[in-house]
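Trainee: Below is the file protein01.txt, which contains compact mmCIF, C-alpha atoms.
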```
# COMPACT_ATOMS: atom_id res chain seq x y z
CA MET A 1 61.24 -61.74 -11.76
CA PHE A 2 63.45 -63.77 -9.40
CA HIS A 3 63.39 -61.02 -6.74
CA PHE A 4 59.65 -60.52 -7.24
CA LYS A 5 58.98 -64.22 -6.53
CA LEU A 6 61.40 -64.20 -3.60
CA LEU A 7 59.62 -61.26 -1.99
CA LEU A 8 56.17 -62.71 -2.73
CA LEU A 9 57.05 -66.01 -1.05
CA ARG A 10 58.54 -64.29 2.00
CA GLU A 11 55.53 -61.98 2.41
CA LEU A 12 53.09 -64.88 1.94
CA LYS A 13 54.90 -66.98 4.50
CA SER A 14 54.91 -64.12 6.97
CA SER A 15 51.22 -63.27 6.39
CA LEU A 16 50.03 -66.86 6.59
CA SER A 17 51.95 -67.58 9.80
CA LEU A 18 50.03 -67.93 13.04
CA LYS A 19 50.87 -64.31 13.85
CA GLY A 20 49.39 -63.14 10.53
CA SER A 21 46.46 -60.75 10.38
CA TYR A 22 44.33 -63.24 8.42
CA ILE A 23 43.19 -64.93 11.63
CA LEU A 24 42.06 -61.58 13.02
CA SER A 25 40.31 -60.79 9.73
CA LEU A 26 38.50 -64.13 9.70
CA ALA A 27 37.42 -63.70 13.32
CA PHE A 28 36.32 -60.08 12.87
CA PHE A 29 34.32 -60.79 9.70
CA SER A 30 32.64 -63.82 11.26
CA ILE A 31 31.76 -62.02 14.49
CA THR A 32 30.25 -59.07 12.60
CA ILE A 33 28.03 -61.36 10.53
CA ILE A 34 27.10 -63.57 13.52
CA VAL A 35 26.34 -60.75 15.95
CA LEU A 36 24.07 -58.76 13.68
CA PRO A 37 21.20 -61.28 13.50
CA ILE A 38 21.30 -61.48 17.28
CA GLY A 39 20.89 -57.71 17.53
CA ILE A 40 18.27 -57.29 14.82
CA GLY A 41 16.21 -60.35 15.49
CA PRO A 42 15.34 -63.49 13.53
CA ASP A 43 13.01 -61.84 10.98
CA LYS A 44 14.24 -63.29 7.68
CA ASN A 45 12.74 -60.49 5.59
CA ILE A 46 14.66 -57.79 7.44
CA LEU A 47 17.87 -59.85 7.43
CA SER A 48 17.79 -60.57 3.72
CA LEU A 49 16.99 -56.89 3.09
CA ILE A 50 20.19 -55.71 4.77
CA SER A 51 22.44 -58.71 4.11
CA PRO A 52 24.14 -57.46 0.87
CA GLY A 53 25.13 -54.19 2.54
CA LEU A 54 26.10 -56.02 5.71
CA ILE A 55 28.49 -58.34 3.88
CA TRP A 56 30.22 -55.51 2.04
CA VAL A 57 30.42 -53.16 5.03
CA SER A 58 31.93 -56.06 7.02
CA LEU A 59 34.46 -56.67 4.23
CA ILE A 60 35.47 -53.01 4.25
CA LEU A 61 35.79 -52.88 8.05
CA THR A 62 37.85 -56.09 7.92
CA SER A 63 40.20 -54.57 5.37
CA LEU A 64 40.66 -51.43 7.47
CA LEU A 65 41.60 -53.60 10.43
CA SER A 66 44.48 -55.26 8.60
CA LEU A 67 45.70 -52.35 6.46
CA ASN A 68 47.41 -50.76 9.47
CA SER A 69 50.24 -53.23 9.33
CA LEU A 70 50.78 -53.20 5.57
CA PHE A 71 53.86 -50.95 5.60
CA HIS A 72 54.09 -49.58 9.14
CA GLU A 73 55.60 -52.67 10.77
CA ASP A 74 58.29 -52.91 8.07
CA TYR A 75 58.98 -49.19 8.43
CA ILE A 76 59.42 -49.42 12.21
CA ASP A 77 61.66 -52.51 12.21
CA GLY A 78 63.92 -51.27 9.38
CA THR A 79 62.82 -53.78 6.72
CA LEU A 80 61.72 -50.96 4.39
CA ASP A 81 65.26 -49.50 4.63
CA LEU A 82 66.65 -52.72 3.21
CA TYR A 83 63.87 -53.01 0.61
CA LYS A 84 64.73 -49.47 -0.50
CA THR A 85 68.31 -50.51 -1.21
CA GLY A 86 67.19 -53.66 -3.06
CA PRO A 87 66.47 -54.39 -6.71
CA LEU A 88 62.69 -53.82 -6.57
CA SER A 89 61.16 -50.34 -6.58
CA PHE A 90 58.65 -49.26 -3.96
CA SER A 91 55.91 -49.59 -6.61
CA GLU A 92 56.77 -53.26 -7.13
CA ILE A 93 56.99 -53.81 -3.38
CA ALA A 94 53.59 -52.11 -2.93
CA PHE A 95 52.13 -54.43 -5.59
CA VAL A 96 53.49 -57.53 -3.83
CA LYS A 97 52.32 -56.40 -0.41
CA SER A 98 48.83 -55.46 -1.63
CA LEU A 99 48.51 -58.80 -3.44
CA VAL A 100 49.59 -60.69 -0.34
CA HIS A 101 47.16 -58.62 1.75
CA TRP A 102 44.35 -59.70 -0.58
CA ILE A 103 45.41 -63.37 -0.61
CA SER A 104 45.80 -63.61 3.16
CA ASN A 105 42.87 -61.45 4.27
CA PHE A 106 40.15 -61.83 1.64
CA LEU A 107 40.63 -65.25 0.05
CA PRO A 108 39.96 -67.07 3.36
CA LEU A 109 36.73 -65.06 3.71
CA LEU A 110 35.48 -66.57 0.45
CA PHE A 111 35.41 -69.97 2.10
CA ILE A 112 33.45 -68.94 5.20
CA THR A 113 31.02 -66.55 3.48
CA PRO A 114 28.71 -69.39 2.27
CA VAL A 115 28.39 -70.66 5.84
CA LEU A 116 27.86 -67.21 7.31
CA SER A 117 25.33 -66.34 4.60
CA LEU A 118 22.97 -68.92 6.07
CA LEU A 119 22.84 -66.88 9.29
CA ILE A 120 21.65 -63.76 7.48
CA ALA A 121 19.00 -65.49 5.38
CA LEU A 122 20.66 -65.19 1.99
CA PRO A 123 19.12 -67.61 -0.53
CA ASN A 124 21.31 -70.70 -1.05
CA ASN A 125 21.13 -70.46 -4.83
CA LEU A 126 22.88 -67.07 -4.70
CA LEU A 127 25.97 -68.20 -2.81
CA ILE A 128 28.02 -68.66 -5.95
CA TYR A 129 27.15 -65.11 -7.11
CA ILE A 130 28.00 -63.64 -3.71
CA SER A 131 31.35 -65.43 -3.77
CA LEU A 132 31.95 -64.12 -7.28
CA SER A 133 31.26 -60.52 -6.28
CA ILE A 134 33.62 -60.86 -3.29
CA LEU A 135 36.32 -62.48 -5.43
CA ILE A 136 36.15 -59.71 -8.02
CA GLY A 137 35.51 -56.71 -5.79
CA THR A 138 37.87 -57.22 -2.86
CA PRO A 139 41.21 -56.75 -4.72
CA SER A 140 40.28 -53.07 -5.00
CA LEU A 141 40.01 -52.88 -1.19
CA SER A 142 43.59 -54.14 -0.76
CA PHE A 143 45.10 -52.04 -3.54
CA ILE A 144 43.24 -48.80 -2.75
CA GLY A 145 43.82 -49.44 0.96
CA SER A 146 47.57 -49.57 0.41
CA LEU A 147 47.45 -45.84 -0.43
CA GLY A 148 46.22 -45.02 3.08
CA SER A 149 48.86 -47.23 4.61
CA ALA A 150 51.59 -45.49 2.56
CA LEU A 151 50.28 -41.99 3.32
CA THR A 152 50.34 -42.57 7.08
CA LEU A 153 53.66 -44.45 7.08
CA SER A 154 55.54 -42.39 9.62
CA LEU A 155 52.58 -41.07 11.64
CA ARG A 156 51.86 -42.24 15.14
CA GLN A 157 48.09 -41.89 14.70
CA HIS A 158 48.10 -44.01 11.55
CA ASN A 159 45.49 -46.44 12.93
CA LEU A 160 42.92 -43.67 13.12
CA LEU A 161 43.87 -41.84 9.95
CA ILE A 162 43.78 -44.77 7.51
CA PRO A 163 39.97 -45.24 7.77
CA LEU A 164 39.38 -41.48 7.44
CA ILE A 165 41.51 -41.26 4.30
CA ILE A 166 40.51 -44.50 2.65
CA PHE A 167 36.83 -44.97 3.46
CA PRO A 168 35.57 -42.44 0.87
CA LEU A 169 37.62 -44.25 -1.81
CA PHE A 170 35.92 -47.54 -0.92
CA ILE A 171 32.41 -46.18 -1.58
CA PRO A 172 32.23 -47.17 -5.30
CA THR A 173 33.26 -50.74 -4.41
CA LEU A 174 30.67 -50.77 -1.61
CA ILE A 175 27.91 -49.50 -3.93
CA PHE A 176 28.57 -51.96 -6.76
CA GLY A 177 29.48 -54.85 -4.46
CA SER A 178 26.31 -54.73 -2.39
CA GLY A 179 24.36 -53.60 -5.45
CA SER A 180 25.34 -56.73 -7.35
CA ILE A 181 23.95 -59.01 -4.64
CA SER A 182 20.84 -56.83 -4.13
CA SER A 183 20.06 -56.96 -7.84
CA LEU A 184 19.73 -60.73 -7.64
CA ILE A 185 17.82 -60.86 -4.35
CA PHE A 186 15.28 -58.14 -5.02
CA SER A 187 14.86 -57.97 -8.76
CA GLY A 188 16.29 -61.31 -9.85
CA PHE A 189 17.92 -59.61 -12.82
CA GLU A 190 21.04 -61.45 -13.80
CA GLU A 191 21.67 -58.80 -16.42
CA VAL A 192 21.93 -56.08 -13.76
CA PHE A 193 24.17 -58.36 -11.70
CA ILE A 194 26.51 -58.90 -14.63
CA ARG A 195 26.67 -55.15 -15.27
CA GLN A 196 27.58 -54.50 -11.63
CA ILE A 197 30.22 -57.25 -11.78
CA TYR A 198 31.73 -55.58 -14.87
CA LEU A 199 31.95 -52.33 -12.91
CA LEU A 200 33.56 -54.12 -9.94
CA THR A 201 36.04 -55.73 -12.35
CA GLY A 202 36.84 -52.29 -13.74
CA ILE A 203 37.42 -50.79 -10.29
CA SER A 204 39.62 -53.71 -9.20
CA GLY A 205 41.53 -53.74 -12.49
CA ILE A 206 42.21 -50.01 -12.44
CA SER A 207 43.26 -50.06 -8.77
CA LEU A 208 45.51 -53.06 -9.42
CA VAL A 209 47.31 -51.19 -12.20
CA ILE A 210 47.39 -47.64 -10.85
CA CYS A 211 47.55 -47.91 -7.04
CA PRO A 212 51.01 -49.57 -6.79
CA PHE A 213 52.53 -46.69 -8.82
CA ILE A 214 50.84 -44.03 -6.67
CA CYS A 215 51.78 -45.99 -3.56
CA GLY A 216 55.42 -46.22 -4.69
CA TYR A 217 55.51 -42.48 -5.30
CA ILE A 218 53.97 -41.76 -1.88
CA LEU A 219 56.44 -44.10 -0.13
CA ASP A 220 59.41 -42.54 -1.93
CA SER A 221 58.39 -38.99 -1.06
CA ASN A 222 57.14 -39.86 2.45
CA TYR A 223 60.28 -41.74 3.43
CA ASP A 224 62.84 -40.47 5.90
CA MET B 225 85.67 -45.50 -6.96
CA SER B 226 84.70 -42.94 -4.33
CA LEU B 227 81.89 -41.52 -2.28
CA LYS B 228 81.81 -37.72 -2.56
CA VAL B 229 79.93 -35.68 0.00
CA SER B 230 80.04 -31.99 -0.98
CA SER B 231 78.83 -29.14 1.26
CA VAL B 232 75.92 -31.15 2.59
CA SER B 233 73.41 -29.56 4.93
CA CYS B 234 70.14 -30.87 6.25
CA TYR B 235 67.24 -29.09 7.91
CA ARG B 236 64.36 -31.01 9.43
CA SER B 237 61.25 -29.27 10.78
CA GLY B 238 63.19 -26.00 10.76
CA TYR B 239 66.11 -27.39 12.79
CA LYS B 240 69.61 -27.62 11.36
CA ILE B 241 70.74 -31.24 11.67
CA ILE B 242 73.84 -31.27 9.45
CA ASP B 243 75.71 -28.11 8.54
CA ASN B 244 78.01 -27.92 5.53
CA ILE B 245 79.90 -31.25 5.73
CA SER B 246 82.28 -32.27 2.93
CA PHE B 247 84.54 -35.29 2.55
CA GLU B 248 85.60 -37.83 -0.03
CA LEU B 249 85.81 -41.54 0.80
CA LYS B 250 88.00 -43.35 -1.68
CA THR B 251 88.29 -47.05 -2.34
CA GLY B 252 89.87 -49.07 0.47
CA LYS B 253 89.29 -46.27 2.99
CA LEU B 254 87.40 -46.07 6.25
CA ALA B 255 85.63 -42.96 7.51
CA LEU B 256 84.47 -42.67 11.11
CA ILE B 257 81.64 -40.31 11.99
CA SER B 258 81.72 -39.40 15.66
CA GLY B 259 79.83 -37.00 17.85
CA SER B 260 77.62 -36.81 20.89
CA ASN B 261 74.00 -38.01 20.97
CA GLY B 262 71.86 -35.98 18.60
CA SER B 263 74.82 -34.58 16.68
CA GLY B 264 73.46 -36.00 13.39
CA LYS B 265 75.49 -39.21 12.88
CA THR B 266 72.49 -41.31 11.89
CA SER B 267 71.05 -38.48 9.77
CA LEU B 268 74.31 -38.14 7.83
CA LEU B 269 74.40 -41.89 7.15
CA ARG B 270 70.76 -41.90 6.08
CA MET B 271 71.43 -38.94 3.81
CA VAL B 272 74.27 -40.87 2.17
CA ALA B 273 71.87 -43.81 1.80
CA GLY B 274 69.33 -41.51 0.14
CA PHE B 275 66.70 -42.02 2.86
CA ILE B 276 66.71 -38.36 3.95
CA PRO B 277 66.58 -35.62 1.31
CA LEU B 278 69.45 -33.12 1.26
CA SER B 279 68.60 -29.49 1.96
CA PHE B 280 71.82 -28.30 0.33
CA GLY B 281 74.84 -29.93 -1.24
CA ASP B 282 75.47 -33.01 -3.24
CA ILE B 283 76.30 -36.69 -2.65
CA SER B 284 77.55 -39.07 -5.35
CA PHE B 285 79.11 -42.52 -5.51
CA ASN B 286 81.35 -43.22 -8.50
CA SER B 287 79.99 -39.96 -9.97
CA LYS B 288 76.43 -41.38 -9.83
CA LYS B 289 73.61 -39.75 -7.87
CA GLU B 290 71.55 -42.96 -7.88
CA TYR B 291 73.54 -45.78 -6.30
CA ARG B 292 71.04 -47.57 -4.07
CA ASP B 293 72.15 -51.05 -5.15
CA GLU B 294 75.84 -50.38 -4.44
CA PHE B 295 75.82 -50.16 -0.66
CA PHE B 296 74.68 -52.10 2.36
CA ILE B 297 73.31 -50.21 5.35
CA LEU B 298 73.28 -51.50 8.90
CA GLY B 299 71.00 -49.21 10.90
CA HIS B 300 69.58 -49.03 14.41
CA ASN B 301 66.57 -51.10 13.39
CA LEU B 302 67.77 -54.54 12.40
CA ALA B 303 64.88 -55.65 10.13
CA ILE B 304 64.60 -59.01 11.87
CA LYS B 305 61.22 -60.77 11.97
CA ASP B 306 60.43 -62.72 15.13
CA ASP B 307 59.02 -65.86 13.53
CA ILE B 308 61.77 -66.70 11.07
CA SER B 309 65.09 -68.39 11.84
CA PRO B 310 68.54 -66.86 11.24
CA GLU B 311 69.03 -69.37 8.40
CA GLU B 312 65.80 -68.28 6.65
CA ASP B 313 66.69 -64.63 7.25
CA ILE B 314 70.18 -64.87 5.80
CA LYS B 315 69.01 -66.97 2.84
CA PHE B 316 66.37 -64.37 1.95
CA TRP B 317 68.48 -61.23 2.35
CA SER B 318 71.58 -62.68 0.73
CA SER B 319 69.50 -63.69 -2.30
CA TYR B 320 67.49 -60.47 -2.37
CA LEU B 321 70.31 -57.98 -1.81
CA GLY B 322 73.52 -59.88 -2.34
CA ALA B 323 75.17 -62.47 -4.44
CA GLY B 324 73.48 -65.47 -2.83
CA TYR B 325 73.79 -67.55 0.30
CA ILE B 326 77.32 -68.20 1.52
CA ASN B 327 77.71 -71.54 3.29
CA GLY B 328 79.04 -71.23 6.81
CA VAL B 329 78.38 -67.51 7.17
CA LEU B 330 76.28 -68.09 10.29
CA ASP B 331 79.03 -70.24 11.81
CA ARG B 332 81.46 -67.43 11.12
CA VAL B 333 79.42 -64.94 13.16
CA GLY B 334 78.85 -67.45 15.95
CA LEU B 335 75.21 -68.30 15.19
CA GLY B 336 75.77 -71.78 13.74
CA LYS B 337 74.07 -73.57 16.62
CA LEU B 338 71.12 -71.17 16.59
CA LYS B 339 70.46 -71.19 12.85
CA LYS B 340 67.07 -72.94 13.18
CA THR B 341 65.94 -71.01 16.28
CA PRO B 342 63.21 -68.38 15.72
CA CYS B 343 64.78 -64.92 15.90
CA LYS B 344 62.47 -63.87 18.74
CA TYR B 345 64.60 -66.01 21.06
CA LEU B 346 67.86 -64.30 20.09
CA SER B 347 69.43 -61.63 22.30
CA GLN B 348 70.05 -58.14 20.90
CA GLY B 349 73.73 -58.97 20.46
CA GLN B 350 72.91 -62.21 18.59
CA LYS B 351 70.54 -60.27 16.35
CA GLN B 352 73.35 -57.83 15.60
CA ARG B 353 75.60 -60.79 14.72
CA LEU B 354 72.91 -61.93 12.27
CA VAL B 355 72.98 -58.51 10.62
CA ILE B 356 76.79 -58.79 10.37
CA ALA B 357 76.22 -62.11 8.57
CA ARG B 358 73.97 -60.23 6.11
CA LEU B 359 76.76 -57.70 5.69
CA LEU B 360 79.23 -60.47 4.85
CA SER B 361 76.81 -61.94 2.28
CA SER B 362 75.91 -58.61 0.73
CA ASN B 363 78.75 -58.35 -1.80
CA LYS B 364 78.50 -54.53 -1.83
CA SER B 365 81.51 -52.25 -2.11
CA LEU B 366 80.22 -49.50 0.19
CA TRP B 367 79.21 -50.30 3.77
CA LEU B 368 77.22 -47.79 5.82
CA LEU B 369 77.32 -48.86 9.46
CA ASP B 370 75.36 -47.00 12.12
CA GLU B 371 76.65 -47.77 15.62
CA PRO B 372 77.45 -51.36 14.58
CA SER B 373 78.98 -52.36 17.90
CA SER B 374 76.26 -50.96 20.19
CA SER B 375 75.01 -54.37 21.44
CA LEU B 376 78.03 -56.53 20.71
CA ASP B 377 80.18 -58.22 23.34
CA ARG B 378 83.99 -57.87 23.34
CA ASP B 379 84.66 -60.87 21.05
CA ALA B 380 82.02 -59.82 18.54
CA SER B 381 83.38 -56.24 18.50
CA ILE B 382 86.86 -57.61 17.73
CA PHE B 383 85.34 -59.78 14.98
CA LEU B 384 83.55 -56.74 13.55
CA LYS B 385 86.81 -54.79 13.47
CA GLU B 386 88.43 -57.73 11.65
CA ILE B 387 85.78 -57.90 8.94
CA ILE B 388 85.85 -54.12 8.53
CA ASN B 389 89.61 -54.34 7.98
CA GLU B 390 89.14 -57.29 5.57
CA HIS B 391 86.61 -55.30 3.55
CA LYS B 392 88.91 -52.28 3.53
CA ASN B 393 91.90 -54.33 2.40
CA SER B 394 89.87 -55.93 -0.38
CA GLY B 395 89.08 -52.50 -1.83
CA GLY B 396 85.76 -51.73 -0.16
CA SER B 397 84.81 -48.43 1.46
CA ILE B 398 83.25 -48.08 4.88
CA LEU B 399 81.41 -45.17 6.46
CA VAL B 400 80.79 -45.94 10.10
CA SER B 401 79.19 -43.90 12.84
CA SER B 402 79.96 -44.38 16.48
CA HIS B 403 79.81 -42.26 19.60
CA ILE B 404 82.79 -44.27 20.86
CA ASP B 405 86.06 -44.09 18.95
CA PHE B 406 86.26 -47.88 18.58
CA LEU B 407 88.12 -47.82 15.30
CA ASP B 408 91.61 -46.45 15.67
CA ASN B 409 92.59 -47.04 12.04
CA ALA B 410 90.05 -44.69 10.43
CA ASP B 411 91.45 -42.84 7.41
CA ILE B 412 88.97 -39.99 7.76
CA LYS B 413 87.54 -38.78 11.04
CA ILE B 414 84.40 -36.67 10.88
CA ASN B 415 83.49 -35.06 14.16
CA LEU B 416 80.00 -33.65 13.99
CA ASP B 417 80.28 -31.85 17.34
CA ASN B 418 82.84 -29.37 16.01
CA LYS B 419 82.20 -29.98 12.26
CA ASN B 420 85.80 -31.04 11.87
CA VAL B 421 86.95 -33.42 9.11
CA SER B 422 90.50 -34.72 9.62
CA PHE B 423 92.56 -37.07 7.44
```
What does this structure look like when you write it as C-alpha cells?
Mentor:
Amino acid sequence: MFHFKLLLLRELKSSLSLKGSYILSLAFFSITIIVLPIGIGPDKNILSLISPGLIWVSLILTSLLSLNSLFHEDYIDGTLDLYKTGPLSFSEIAFVKSLVHWISNFLPLLFITPVLSLLIALPNNLLIYISLSILIGTPSLSFIGSLGSALTLSLRQHNLLIPLIIFPLFIPTLIFGSGSISSLIFSGFEEVFIRQIYLLTGISGISLVICPFICGYILDSNYD
Amino acid sequence: MSLKVSSVSCYRSGYKIIDNISFELKTGKLALISGSNGSGKTSLLRMVAGFIPLSFGDISFNSKKEYRDEFFILGHNLAIKDDISPEEDIKFWSSYLGAGYINGVLDRVGLGKLKKTPCKYLSQGQKQRLVIARLLSSNKSLWLLDEPSSSLDRDASIFLKEIINEHKNSGGSILVSSHIDFLDNADIKINLDNKNVSF
C-alpha cells in the first residue's frame, strides 16, 4: 500500500502540474461546447435536442486527446523500465495511471460543465443530473482508454491508432451517458434516468475492475 | 549468489541479435560486455533484466527465474522528468525501488547545489550523475549498467569506477556494457563482436 500511495502521489503531482494534459482537456472540451452553438445557430430547440450527445461526444474526444500520453511518455523516457523492476505489477501501475487520468482530465470538467451547459440551452434544473452522469460514466473512459494506450505502447503511429481501437469500446458509455440526460430532457422520466445511471455504474465498475488486469497483461507481453 | 546466463540467443524481427552466449557472474564479480555499435550489448542487458524475451536459453539469478526486485538497471533512457527536482526524484525512486532516501547522496554525486533545480535545467552529464545517485540508494545486489559513462566527464567517470569497485568489494555483482574498455578490472569480459567470453 505504501508503494501504491507513493506512485499515486507522484502521478497526481505530475498530471496536475502546469505541463499536465488537464489544461488541454479543459480547453478542448470548452472550445467544443462553445463553438457548436456558433456553428448551429441560436435556436434553443435544436441546441437542447443535440446537447446530451454533444456533451458525451466532447467527453470522449477529450479523453482520446489525453490518452496518448498515458504510457507512451513513460515508455520513451525509461520510466516504465524502472516501474517494471519495482514492487508494483503493471496491472497496479495501470490502475494508478488510469485513476490519475480520470482525476486530472475528467474531474475538472465537472466544474465547468454547469457553466457550459448554459450555452447549449440545457435546463438549469438538470445540471445536477448531468454532473452525476459525467461523474459516474467517465471513469469507464479512462479505464477502457488505458487498453488502447497499452496496445499501442511501442508504435510510432499510436496517436492515430488509439481512437481507432478504443472508439468502438466507448459506444456503450456514449449511448447510456447521453441517453440518461435525454431521458430527463425529452421524457422527464426520472425512472429511465436512474436505470441508465445504473447501467453507467455497471460499465464503469466493470472497467475499473477488469481493465487494469488486461492492461497489465498487454503491457507485459507488449514490452521490449 | 550468482547470475547464470546459459546458451542465450535472441531473434528480433527475424534478425539474430544475440547468438548462444553463456557466462556465470558470481558474487563480488564484475562482467564487462563490449562490442561495436549494434552488436547487442543493450539487448543482452535488457534480456537479463527480463525486458526482452529469450528466443533460446535460460537466465537465472540465485536459481530464480523471476528476480525483478533484485537488480537495478541504468539504461540509455534515464527516466528523468523535466519538472521535478533531483531531490524529489531521488526521494521518490529511493523509496519506491530502494531502501529509502540516503542523506547526502546528491552531495556525493556532485549535485548538492542543484538539488532544488528542475531537472530540465540539468545537463546530460548531471542527469547521469542523478541516476548514479539512484544507483547508490537502490540497495540492490545486482547492477545492470548500460553505457554508464557515456555522458560523464573525467571526474565523474573516475567516481563511477570507484562506486563500482565499492559495490564489488561489498559483495555485489555488476554487469556493465560499454563500447570503450573503461573498466580494466573486469573479472569476465564478454565480447559480442567475436562471441568470446574470457575470464
Trainee: For region 249-252 of chain B, please output as a PyMOL selection string all residues within 6 Å (counting all atoms listed in the file; exclusion window: fewer than 2 positions along the same chain).
Mentor: chain B and resi 225-227+392-393+395-397
Trainee: May I have the residues from that selection written out with C-alpha atoms, as a CSV table (one decimal), keeping the file's coordinate frame?
Mentor:
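Saved the output as again.csv:
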```
chain,number,residue,atom,x,y,z
B,225,MET,CA,85.7,-45.5,-7.0
B,226,SER,CA,84.7,-42.9,-4.3
B,227,LEU,CA,81.9,-41.5,-2.3
B,392,LYS,CA,88.9,-52.3,3.5
B,393,ASN,CA,91.9,-54.3,2.4
B,395,GLY,CA,89.1,-52.5,-1.8
B,396,GLY,CA,85.8,-51.7,-0.2
B,397,SER,CA,84.8,-48.4,1.5
```
Trainee: Give me the residues near region 27-35 of chain A as a ChimeraX atom specification, where near means some atom within 9 Å (using only C-alpha atoms) and where sequence neighbours in that chain fewer than 3 positions away do not count.
Mentor: /A:22-24,38-40,51,54-55,58-59,61-62,65,109,112-113,116-117,119-120
Trainee: For Asn261 (chain B), find every residue with an atom within 12 Å (counting only C-alpha atoms), except residues of its own chain fewer than 5 positions away, and show them as a CSV table (one decimal) with C-alpha atoms, in the coordinates of the input.
Mentor:
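Once everything was written out, this is out-v1.csv:
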```csv
chain,number,residue,atom,x,y,z
B,241,ILE,CA,70.7,-31.2,11.7
B,266,THR,CA,72.5,-41.3,11.9
B,267,SER,CA,71.0,-38.5,9.8
B,371,GLU,CA,76.6,-47.8,15.6
B,401,SER,CA,79.2,-43.9,12.8
B,402,SER,CA,80.0,-44.4,16.5
B,403,HIS,CA,79.8,-42.3,19.6
B,404,ILE,CA,82.8,-44.3,20.9
B,416,LEU,CA,80.0,-33.6,14.0
B,417,ASP,CA,80.3,-31.8,17.3
```
Trainee: To one decimal place, how far is CA of Lys44 (chain A) from CA of Ile60 (chain A) in Å?
Mentor: 23.8 Å
Trainee: If you take all atoms listed in the file and a cut-off of 9 Å, which residues of chain B touch chain A, and what are their nearest atom pairs and distances in Å to one decimal, in chain and number order, as CSV?
Mentor:
```
residue,atom,partner,partner_atom,distance
B:Arg270,CA,A:Asp224,CA,8.1
B:Met271,CA,A:Asp224,CA,9.0
B:Ala273,CA,A:Thr85,CA,8.2
B:Gly274,CA,A:Asp224,CA,8.7
B:Phe275,CA,A:Asp224,CA,5.2
B:Ile276,CA,A:Asp224,CA,4.8
B:Pro277,CA,A:Asp224,CA,7.7
B:Tyr291,CA,A:Thr85,CA,8.7
B:Arg292,CA,A:Thr85,CA,4.9
B:Asp293,CA,A:Thr85,CA,5.5
B:Glu294,CA,A:Thr85,CA,8.2
B:Phe295,CA,A:Thr85,CA,7.5
B:Phe296,CA,A:Thr85,CA,7.5
B:Ile297,CA,A:Leu82,CA,7.4
B:Leu298,CA,A:Leu82,CA,8.8
B:Gly299,CA,A:Gly78,CA,7.5
B:His300,CA,A:Gly78,CA,7.9
B:Asn301,CA,A:Gly78,CA,4.8
B:Leu302,CA,A:Gly78,CA,5.9
B:Ala303,CA,A:Thr79,CA,4.4
B:Ile304,CA,A:Asp77,CA,7.1
B:Lys305,CA,A:Asp77,CA,8.3
B:Asp307,CA,A:Ser14,CA,7.9
B:Ile308,CA,A:Ser14,CA,8.4
B:Phe316,CA,A:Leu6,CA,7.5
B:Trp317,CA,A:Leu82,CA,8.7
B:Ser319,CA,A:His3,CA,8.0
B:Tyr320,CA,A:His3,CA,6.0
B:Leu321,CA,A:Gly86,CA,5.5
B:Gly322,CA,A:Gly86,CA,8.9
```
Trainee: Have a look at CA of Gly137 (chain A) and CA of Gln196 (chain A) and let me know their distance in Å, one decimal.
Mentor: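 According to the coordinates, CA of Gly137 (chain A) and CA of Gln196 (chain A) are separated by 10.1 Å.
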Trainee: Skipping near chain neighbours, those fewer than 2 positions away, what residues fall within 6 Å of region 278-287 of chain B using only C-alpha atoms, listed as a PyMOL selection string?
Mentor: chain B and resi 225-234+289
Trainee: So what do you get for CA of Ser309 (chain B) versus CA of Ser146 (chain A), distance-wise?
Mentor: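 So the two atoms, CA of Ser309 (chain B) and CA of Ser146 (chain A), lie 28.1 Å apart.
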Trainee: Using only C-alpha atoms, determine which residues lie at most 9 Å from Phe193 (chain A), disregarding the query and same-chain residues fewer than 2 positions distant; provide the list as a ChimeraX atom specification.
Mentor: /A:129,179-184,188-191,195-198
Trainee: Can I get the selection written as a CSV table (one decimal), in the frame of the given file, with C-alpha atoms?
Mentor:
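The resulting file, result26.csv, is shown below:
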```csv
chain,number,residue,atom,x,y,z
A,129,TYR,CA,27.2,-65.1,-7.1
A,179,GLY,CA,24.4,-53.6,-5.4
A,180,SER,CA,25.3,-56.7,-7.4
A,181,ILE,CA,24.0,-59.0,-4.6
A,182,SER,CA,20.8,-56.8,-4.1
A,183,SER,CA,20.1,-57.0,-7.8
A,184,LEU,CA,19.7,-60.7,-7.6
A,188,GLY,CA,16.3,-61.3,-9.8
A,189,PHE,CA,17.9,-59.6,-12.8
A,190,GLU,CA,21.0,-61.4,-13.8
A,191,GLU,CA,21.7,-58.8,-16.4
A,195,ARG,CA,26.7,-55.2,-15.3
A,196,GLN,CA,27.6,-54.5,-11.6
A,197,ILE,CA,30.2,-57.2,-11.8
A,198,TYR,CA,31.7,-55.6,-14.9
```
Trainee: Pick from A:Leu64, A:Gly177, A:Ser131, A:Gly41: nearest to Leu160 (chain A), with all atoms listed in the file counted?
Mentor: A:Leu64
Trainee: Return as lines of an AutoDock Vina configuration file the box centre and box size in Å, one decimal, for an axis-aligned box around all listed atoms of region 151-160 of chain A padded by 4 Å per side.
Mentor:
```
center_x = 49.2
center_y = -43.8
center_z = 9.2
size_x = 20.6
size_y = 13.4
size_z = 19.8
```
Trainee: Ranking B:Val333, B:Ile326, B:Leu269, B:Leu354 by minimum distance to Pro310 (chain B) and counting only C-alpha atoms, which one comes first?
Mentor: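 Once distances to Pro310 (chain B) are computed over only C-alpha atoms, the minimum belongs to B:Leu354.
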Trainee: Would you mind telling me which residue in A:Ser140, A:Leu135, A:Ile210, A:Phe95 lies nearest to Phe111 (chain A) when using all atoms listed in the file?
Mentor: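 Among the listed residues, the smallest separation from Phe111 (chain A) belongs to A:Leu135.
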Trainee: I'd like to know which of B:Gly262, B:Gly324, B:Gly349, B:Gly334 is closest to Lys240 (chain B), using all atoms listed in the file.
Mentor: B:Gly262
Trainee: Could you tell me which of A:Ile50, A:Ala94, A:Ile136, A:Val57 comes closest to Ala121 (chain A) if we count all atoms listed in the file?
Mentor: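 Ranked by minimum distance to Ala121 (chain A), first place goes to A:Ile50.
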